[in-house]
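One structure below.
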Amino acid sequence: MKWKEPSNTSPILALPKIQKSNIINLDTIEISKPATQIKVTNQFLDYWESPPKDLHSKKELWQKLQIIGDALSTLAKQAHSPTSTQKTAPHDMVTLFDEGLEMILRIWIQKHYPHHKIIGEEGAKHPLSPGDIIWFIDPIDGTANFVKNSNRYTIHIGSIKDGLPYVSYVSIPKQNISYCDYQSSKKKLTLPKSTILCSEFFPHQTKKKERFNRLLKKLNATSIQNHSIGLSCLNLLEGKITAFYKNRIKLWDIMAPLCFLKFYQNHLWDINLYYTDRVTKEHIKTCPFSNTSSFIHHLNNVHKENCRAGLLTITPKSKPNILKAILEDFDIQ
């Protein structure tokens with residue numbers, strides 16, 4: 001059955017099948033089966049149908065993203081024991097909701113912000129340039145939790161421009177929690193009294209587990225894992241975790257919640273990304289929001305391969321020993 005855009009005559013938002021192309025053909029989009037749909041508000045319809053009054057207004061985009069994102073969260077809550085398929089490994093799962101939620105965003109962005117670039121987990125990856133506004137979309141972060149009908153999953157919609165966060169949205173649908181913002185404002189953070197270290201990996205990844213255990217011992221730390229990078233990043237924001245690292249990170253997994261650490265607590269966190277130069281084999285330190293030509297070139301290369309950008313570290317500026325310990329274990333000078 002053909003997918004139709006929501007309208008005043010039919011205010012229904014249905015889950016579509018994804019088109020894995022940079023140019024979306026609205027006439028050939030189909031509805032996912034089994035069909036999932038919700039009735040949308042008049043405000044959603046206005047934001048869906050009306051072009052932006054100002055293409056460069058972050059405030060306008062933020063207001064619209066809040067409504068669009070909340071509708072996606074409502075759609076996600078309609079899932080009941082969603083079936084999944086394996087992508088590249090037994091732990092690498094995708095559902096119709098992962099694909100459909102991303103497709104809705106792609107349609108809306110192409111419709112009203114066609115000059116923006118999109119890097120989504122399930123769809124095509126646009127070639128990037130340093131001056132682009134870039135969206136990183138992870139429609140369901142914590143898919144394994146989602147498939148188990150757990151409430152421990154998040155929706156990530158984050159954008160960057162000129163080396164800084166632009167507009168971001170993160171929600172925890174089943175807890176009716178959402179973050180959406182575009183501006184900086186300091187928020188107080190109280191770190192845990194003892195060091196709590198977090199990294200996300202699967203139980204069968206023994207080498208990652210061994211490294212994690214070494215770092216726990218070296219830092220005299222306790223551990224936490226959420227099986228959702230989004231939840232772990234929000235735990236940092238809330239002062240429930242002391243530090244986080246993730247090697248071979250895919251930026252859509254982290255970008256949206258990372259924006260909020262930058263918006264609210266940039267003065268408190270050291271946020272770094274380390275990758276290996278393909279020619280010199282040297283470790284390059286950068287910021288995950290960077291728009292330098294060299295980093296954009298690196299991202300364009302990895303997006304043609306496995307999409308893994310490098311080692312991400314989020315550590316307190318007040319505790320440089322944590323970052324030092326992580327880098328030493330990865331043999332990064």
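For the structure tokens, the naming scheme is as follows: chains receive sequential letters (A, B, ...) according to their order of presentation, residues are indexed from 1 within each chain, and ligands are indexed from 1 in presentation order.
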
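Listed by chain and then by rising number, the residues of segment 228-266 of chain A that DSSP assigns to helix (DSSP H, G or I) from the backbone are Ile229, Gly230, Leu231, Ser232, Cys233, Leu234, Asn235, Leu236, Leu237, Leu251, Trp252, Asp253, Ile254, Met255, Ala256, Pro257, Leu258, Cys259, Phe260, Leu261, Lys262, Phe263, Tyr264 and Gln265 of chain A.
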
Since we have the selection now, will you write its residues out, keeping N, CA and C atoms, as a PDB file, in the first residue's frame?
```
ATOM      1  N   ILE A 229      23.571   3.817  24.202  1.00  0.00           N
ATOM      2  CA  ILE A 229      24.538   4.903  24.309  1.00  0.00           C
ATOM      3  C   ILE A 229      23.824   6.202  24.671  1.00  0.00           C
ATOM      4  N   GLY A 230      22.619   6.380  24.159  1.00  0.00           N
ATOM      5  CA  GLY A 230      21.861   7.586  24.477  1.00  0.00           C
ATOM      6  C   GLY A 230      21.578   7.720  25.958  1.00  0.00           C
ATOM      7  N   LEU A 231      21.121   6.642  26.581  1.00  0.00           N
ATOM      8  CA  LEU A 231      20.855   6.679  28.018  1.00  0.00           C
ATOM      9  C   LEU A 231      22.135   6.929  28.803  1.00  0.00           C
ATOM     10  N   SER A 232      23.227   6.329  28.364  1.00  0.00           N
ATOM     11  CA  SER A 232      24.497   6.528  29.061  1.00  0.00           C
ATOM     12  C   SER A 232      24.933   7.984  28.987  1.00  0.00           C
ATOM     13  N   CYS A 233      24.751   8.599  27.830  1.00  0.00           N
ATOM     14  CA  CYS A 233      25.129  10.008  27.678  1.00  0.00           C
ATOM     15  C   CYS A 233      24.238  10.906  28.546  1.00  0.00           C
ATOM     16  N   LEU A 234      22.961  10.596  28.622  1.00  0.00           N
ATOM     17  CA  LEU A 234      22.063  11.363  29.487  1.00  0.00           C
ATOM     18  C   LEU A 234      22.417  11.156  30.960  1.00  0.00           C
ATOM     19  N   ASN A 235      22.901   9.970  31.305  1.00  0.00           N
ATOM     20  CA  ASN A 235      23.362   9.721  32.680  1.00  0.00           C
ATOM     21  C   ASN A 235      24.532  10.632  33.035  1.00  0.00           C
ATOM     22  N   LEU A 236      25.407  10.914  32.074  1.00  0.00           N
ATOM     23  CA  LEU A 236      26.494  11.873  32.293  1.00  0.00           C
ATOM     24  C   LEU A 236      25.913  13.253  32.602  1.00  0.00           C
ATOM     25  N   LEU A 237      24.941  13.653  31.813  1.00  0.00           N
ATOM     26  CA  LEU A 237      24.306  14.961  31.982  1.00  0.00           C
ATOM     27  C   LEU A 237      23.672  15.091  33.362  1.00  0.00           C
ATOM     28  N   LEU A 251      28.807   7.980  14.667  1.00  0.00           N
ATOM     29  CA  LEU A 251      28.419   9.270  15.225  1.00  0.00           C
ATOM     30  C   LEU A 251      26.916   9.427  15.419  1.00  0.00           C
ATOM     31  N   TRP A 252      26.103   8.729  14.645  1.00  0.00           N
ATOM     32  CA  TRP A 252      24.656   8.856  14.868  1.00  0.00           C
ATOM     33  C   TRP A 252      24.253   8.274  16.226  1.00  0.00           C
ATOM     34  N   ASP A 253      25.068   7.344  16.752  1.00  0.00           N
ATOM     35  CA  ASP A 253      24.775   6.758  18.064  1.00  0.00           C
ATOM     36  C   ASP A 253      24.870   7.777  19.198  1.00  0.00           C
ATOM     37  N   ILE A 254      25.679   8.815  19.011  1.00  0.00           N
ATOM     38  CA  ILE A 254      26.045   9.679  20.133  1.00  0.00           C
ATOM     39  C   ILE A 254      25.774  11.158  19.908  1.00  0.00           C
ATOM     40  N   MET A 255      25.663  11.598  18.648  1.00  0.00           N
ATOM     41  CA  MET A 255      25.695  13.029  18.367  1.00  0.00           C
ATOM     42  C   MET A 255      24.572  13.813  19.056  1.00  0.00           C
ATOM     43  N   ALA A 256      23.343  13.325  18.976  1.00  0.00           N
ATOM     44  CA  ALA A 256      22.221  14.088  19.542  1.00  0.00           C
ATOM     45  C   ALA A 256      22.364  14.292  21.054  1.00  0.00           C
ATOM     46  N   PRO A 257      22.564  13.233  21.849  1.00  0.00           N
ATOM     47  CA  PRO A 257      22.742  13.483  23.291  1.00  0.00           C
ATOM     48  C   PRO A 257      24.031  14.228  23.605  1.00  0.00           C
ATOM     49  N   LEU A 258      25.062  14.039  22.775  1.00  0.00           N
ATOM     50  CA  LEU A 258      26.325  14.750  22.982  1.00  0.00           C
ATOM     51  C   LEU A 258      26.129  16.257  22.872  1.00  0.00           C
ATOM     52  N   CYS A 259      25.210  16.661  22.012  1.00  0.00           N
ATOM     53  CA  CYS A 259      24.918  18.093  21.855  1.00  0.00           C
ATOM     54  C   CYS A 259      24.500  18.714  23.186  1.00  0.00           C
ATOM     55  N   PHE A 260      23.768  17.968  24.007  1.00  0.00           N
ATOM     56  CA  PHE A 260      23.276  18.539  25.259  1.00  0.00           C
ATOM     57  C   PHE A 260      24.393  18.703  26.288  1.00  0.00           C
ATOM     58  N   LEU A 261      25.384  17.813  26.246  1.00  0.00           N
ATOM     59  CA  LEU A 261      26.551  18.025  27.100  1.00  0.00           C
ATOM     60  C   LEU A 261      27.273  19.303  26.688  1.00  0.00           C
ATOM     61  N   LYS A 262      27.307  19.556  25.386  1.00  0.00           N
ATOM     62  CA  LYS A 262      27.945  20.773  24.877  1.00  0.00           C
ATOM     63  C   LYS A 262      27.093  22.004  25.185  1.00  0.00           C
ATOM     64  N   PHE A 263      25.787  21.899  25.000  1.00  0.00           N
ATOM     65  CA  PHE A 263      24.887  23.029  25.278  1.00  0.00           C
ATOM     66  C   PHE A 263      24.943  23.445  26.747  1.00  0.00           C
ATOM     67  N   TYR A 264      24.878  22.464  27.648  1.00  0.00           N
ATOM     68  CA  TYR A 264      24.642  22.745  29.062  1.00  0.00           C
ATOM     69  C   TYR A 264      25.881  22.653  29.954  1.00  0.00           C
ATOM     70  N   GLN A 265      26.818  21.774  29.595  1.00  0.00           N
ATOM     71  CA  GLN A 265      27.916  21.495  30.530  1.00  0.00           C
ATOM     72  C   GLN A 265      29.282  21.466  29.842  1.00  0.00           C
TER      73      GLN A 265
END
```

Distance query Asn247 of chain A at most 7 Å, only C-alpha atoms, self and fewer than 4 positions along chain excluded, as a PDB file with C-alpha atoms, in the first residue's frame:
```pdb
ATOM      1  CA  GLY A 310      37.083   6.478  16.075  1.00  0.00           C
ATOM      2  CA  LEU A 311      37.476   6.474  19.857  1.00  0.00           C
ATOM      3  CA  LEU A 312      35.124   8.825  21.707  1.00  0.00           C
TER       4      LEU A 312
END
```

Residue neighbourhood segment 211-227 of chain A, 10 Å, only C-alpha atoms, exclusion window fewer than 3 positions, as a compact mmCIF listing (two decimals) with N, CA and C atoms, in the first residue's frame:
```
# COMPACT_ATOMS: atom_id res chain seq x y z
N ASP A 141 17.91 4.05 19.44
CA ASP A 141 19.19 3.70 20.06
C ASP A 141 18.89 2.76 21.23
N GLY A 142 19.46 1.57 21.16
CA GLY A 142 19.11 0.53 22.12
C GLY A 142 18.07 -0.39 21.52
N THR A 143 18.30 -0.79 20.25
CA THR A 143 17.30 -1.62 19.55
C THR A 143 17.05 -2.94 20.28
N ALA A 144 18.11 -3.52 20.86
CA ALA A 144 17.92 -4.79 21.59
C ALA A 144 16.94 -4.60 22.75
N ASN A 145 17.04 -3.47 23.46
CA ASN A 145 16.09 -3.17 24.53
C ASN A 145 14.69 -2.96 23.97
N ARG A 152 14.06 1.16 27.98
CA ARG A 152 15.42 1.71 27.98
C ARG A 152 15.96 1.85 26.55
N TYR A 153 15.30 2.71 25.79
CA TYR A 153 15.79 3.05 24.45
C TYR A 153 15.52 4.53 24.21
N SER A 194 32.10 8.39 44.06
CA SER A 194 33.09 7.42 43.58
C SER A 194 33.07 7.42 42.06
N THR A 195 34.14 6.95 41.44
CA THR A 195 34.22 6.95 39.97
C THR A 195 33.35 5.86 39.39
N ILE A 196 32.45 6.25 38.50
CA ILE A 196 31.58 5.30 37.79
C ILE A 196 31.91 5.41 36.31
N LEU A 197 32.43 4.34 35.76
CA LEU A 197 32.87 4.31 34.36
C LEU A 197 31.86 3.55 33.52
N CYS A 198 31.60 4.08 32.32
CA CYS A 198 30.64 3.44 31.42
C CYS A 198 31.26 3.28 30.03
N SER A 199 30.99 2.15 29.44
CA SER A 199 31.24 1.92 28.02
C SER A 199 30.18 0.93 27.56
N GLU A 200 29.84 0.97 26.29
CA GLU A 200 28.80 0.07 25.80
C GLU A 200 29.41 -0.95 24.84
N PHE A 201 29.20 -2.22 25.13
CA PHE A 201 29.63 -3.31 24.26
C PHE A 201 28.77 -4.53 24.59
N PHE A 202 28.81 -5.53 23.70
CA PHE A 202 27.98 -6.71 23.89
C PHE A 202 28.72 -7.78 24.69
N THR A 206 34.70 -10.13 24.09
CA THR A 206 35.57 -10.41 25.24
C THR A 206 36.73 -9.42 25.36
N LYS A 207 37.34 -9.01 24.25
CA LYS A 207 38.47 -8.09 24.33
C LYS A 207 38.03 -6.73 24.88
N LYS A 208 36.85 -6.29 24.48
CA LYS A 208 36.32 -5.02 25.00
C LYS A 208 36.02 -5.15 26.50
N GLY A 230 22.62 6.38 24.16
CA GLY A 230 21.86 7.59 24.48
C GLY A 230 21.58 7.72 25.96
N LEU A 231 21.12 6.64 26.58
CA LEU A 231 20.86 6.68 28.02
C LEU A 231 22.13 6.93 28.80
N SER A 232 23.23 6.33 28.36
CA SER A 232 24.50 6.53 29.06
C SER A 232 24.93 7.98 28.99
N CYS A 233 24.75 8.60 27.83
CA CYS A 233 25.13 10.01 27.68
C CYS A 233 24.24 10.91 28.55
N ASN A 235 22.90 9.97 31.30
CA ASN A 235 23.36 9.72 32.68
C ASN A 235 24.53 10.63 33.04
N LYS A 240 25.07 10.89 36.95
CA LYS A 240 24.98 9.51 37.42
C LYS A 240 26.19 8.68 36.99
N ILE A 241 26.98 9.22 36.07
CA ILE A 241 28.17 8.54 35.55
C ILE A 241 29.32 9.54 35.57
N THR A 242 30.52 9.05 35.84
CA THR A 242 31.69 9.94 35.89
C THR A 242 32.33 10.12 34.53
N PHE A 244 32.73 8.28 30.22
CA PHE A 244 32.25 7.36 29.19
C PHE A 244 33.28 7.29 28.07
N TYR A 245 33.46 6.10 27.53
CA TYR A 245 34.26 5.97 26.31
C TYR A 245 33.62 4.91 25.42
N ASN A 321 43.13 12.40 35.09
CA ASN A 321 43.69 11.05 35.22
C ASN A 321 42.83 10.01 34.53
N ILE A 322 41.52 10.26 34.43
CA ILE A 322 40.62 9.28 33.79
C ILE A 322 40.90 9.23 32.29
N ALA A 325 44.23 7.52 31.63
CA ALA A 325 44.17 6.06 31.76
C ALA A 325 43.54 5.41 30.52
N ILE A 326 42.49 6.00 30.00
CA ILE A 326 41.83 5.47 28.81
C ILE A 326 42.77 5.50 27.62
N GLU A 328 46.05 5.67 27.58
CA GLU A 328 47.16 4.74 27.77
C GLU A 328 46.76 3.31 27.41
N ASP A 329 45.54 2.93 27.76
CA ASP A 329 45.10 1.57 27.46
C ASP A 329 44.93 1.35 25.96
N PHE A 330 44.55 2.42 25.24
CA PHE A 330 44.44 2.33 23.78
C PHE A 330 45.76 2.66 23.07
```

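With distances restricted to only C-alpha atoms, A:Lys77 is the closest residue to Lys174 of chain A from A:His116, A:Lys246, A:Lys285, A:Lys77.
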
Quick one: DSSP strand (DSSP E) residues in segment 182-331 of chain A, as a ChimeraX atom specification?
/A:196-198,222-224,243-249,269-276,283-286,310-316

Based on the selection just made, write N, CA and C atoms of those residues as a compact mmCIF listing (two decimals), in the first residue's frame.
```txt
# COMPACT_ATOMS: atom_id res chain seq x y z
N ILE A 196 32.45 6.25 38.50
CA ILE A 196 31.58 5.30 37.79
C ILE A 196 31.91 5.41 36.31
N LEU A 197 32.43 4.34 35.76
CA LEU A 197 32.87 4.31 34.36
C LEU A 197 31.86 3.55 33.52
N CYS A 198 31.60 4.08 32.32
CA CYS A 198 30.64 3.44 31.42
C CYS A 198 31.26 3.28 30.03
N THR A 222 33.61 1.73 39.68
CA THR A 222 32.51 0.79 39.48
C THR A 222 31.97 0.97 38.07
N SER A 223 31.20 0.00 37.62
CA SER A 223 30.77 0.00 36.22
C SER A 223 29.27 0.20 36.08
N ILE A 224 28.90 0.67 34.91
CA ILE A 224 27.48 0.74 34.54
C ILE A 224 27.37 0.55 33.03
N ALA A 243 32.42 9.04 33.75
CA ALA A 243 33.10 9.12 32.46
C ALA A 243 32.57 8.04 31.52
N PHE A 244 32.73 8.28 30.22
CA PHE A 244 32.25 7.36 29.19
C PHE A 244 33.28 7.29 28.07
N TYR A 245 33.46 6.10 27.53
CA TYR A 245 34.26 5.97 26.31
C TYR A 245 33.62 4.91 25.42
N LYS A 246 33.87 5.04 24.14
CA LYS A 246 33.38 4.04 23.18
C LYS A 246 34.30 4.06 21.97
N ASN A 247 34.94 2.94 21.71
CA ASN A 247 35.81 2.85 20.54
C ASN A 247 34.98 2.51 19.30
N ARG A 248 35.48 2.94 18.16
CA ARG A 248 34.84 2.69 16.87
C ARG A 248 33.39 3.17 16.88
N ILE A 249 33.21 4.36 17.40
CA ILE A 249 31.87 4.93 17.54
C ILE A 249 31.29 5.29 16.18
N TRP A 269 33.14 19.19 30.78
CA TRP A 269 33.53 17.95 30.13
C TRP A 269 34.64 18.14 29.11
N ASP A 270 35.53 17.16 29.05
CA ASP A 270 36.48 17.00 27.96
C ASP A 270 35.84 16.03 26.98
N ILE A 271 35.50 16.49 25.78
CA ILE A 271 34.84 15.64 24.78
C ILE A 271 35.77 15.54 23.58
N ASN A 272 36.32 14.36 23.35
CA ASN A 272 37.31 14.18 22.29
C ASN A 272 37.00 12.97 21.43
N LEU A 273 37.52 13.02 20.21
CA LEU A 273 37.44 11.87 19.32
C LEU A 273 38.82 11.66 18.71
N TYR A 274 39.28 10.42 18.72
CA TYR A 274 40.61 10.07 18.22
C TYR A 274 40.45 9.08 17.06
N TYR A 275 41.09 9.39 15.93
CA TYR A 275 41.06 8.48 14.80
C TYR A 275 42.45 8.38 14.19
N THR A 276 42.65 7.38 13.35
CA THR A 276 43.96 7.12 12.77
C THR A 276 44.01 7.66 11.35
N HIS A 283 47.71 8.97 15.30
CA HIS A 283 46.45 9.22 15.98
C HIS A 283 46.14 10.72 15.91
N ILE A 284 44.96 11.06 15.44
CA ILE A 284 44.53 12.44 15.32
C ILE A 284 43.48 12.71 16.39
N LYS A 285 43.68 13.76 17.16
CA LYS A 285 42.71 14.18 18.16
C LYS A 285 41.85 15.29 17.58
N THR A 286 40.54 15.17 17.72
CA THR A 286 39.65 16.21 17.22
C THR A 286 38.41 16.28 18.12
N GLY A 310 35.90 6.49 15.22
CA GLY A 310 37.08 6.48 16.08
C GLY A 310 36.72 6.26 17.53
N LEU A 311 37.66 6.62 18.42
CA LEU A 311 37.48 6.47 19.86
C LEU A 311 36.91 7.77 20.43
N LEU A 312 35.74 7.68 21.04
CA LEU A 312 35.12 8.83 21.71
C LEU A 312 35.38 8.73 23.20
N THR A 313 35.81 9.84 23.79
CA THR A 313 35.98 9.90 25.25
C THR A 313 35.24 11.12 25.79
N ILE A 314 34.51 10.91 26.88
CA ILE A 314 33.84 11.99 27.60
C ILE A 314 34.26 11.87 29.05
N THR A 315 35.12 12.78 29.48
CA THR A 315 35.69 12.69 30.84
C THR A 315 35.62 14.06 31.51
N PRO A 316 35.58 14.09 32.84
CA PRO A 316 35.52 15.38 33.54
C PRO A 316 36.84 16.15 33.39
```

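The shortest atom-to-atom distance to Phe44 of chain A, with only C-alpha atoms taken into account, belongs to A:Lys64 out of A:Arg106, A:Lys64, A:Arg308, A:His204.
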
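For segment 24-27 of chain A, the list of residues within 10 Å, based on only C-alpha atoms and with local chain neighbours fewer than 4 positions off taken out, reads Lys2, Trp3, Lys4, Glu5, Ile18, Gln19, Lys20, Met103, Arg106, Ile107, Gln110 and Lys111 of chain A.
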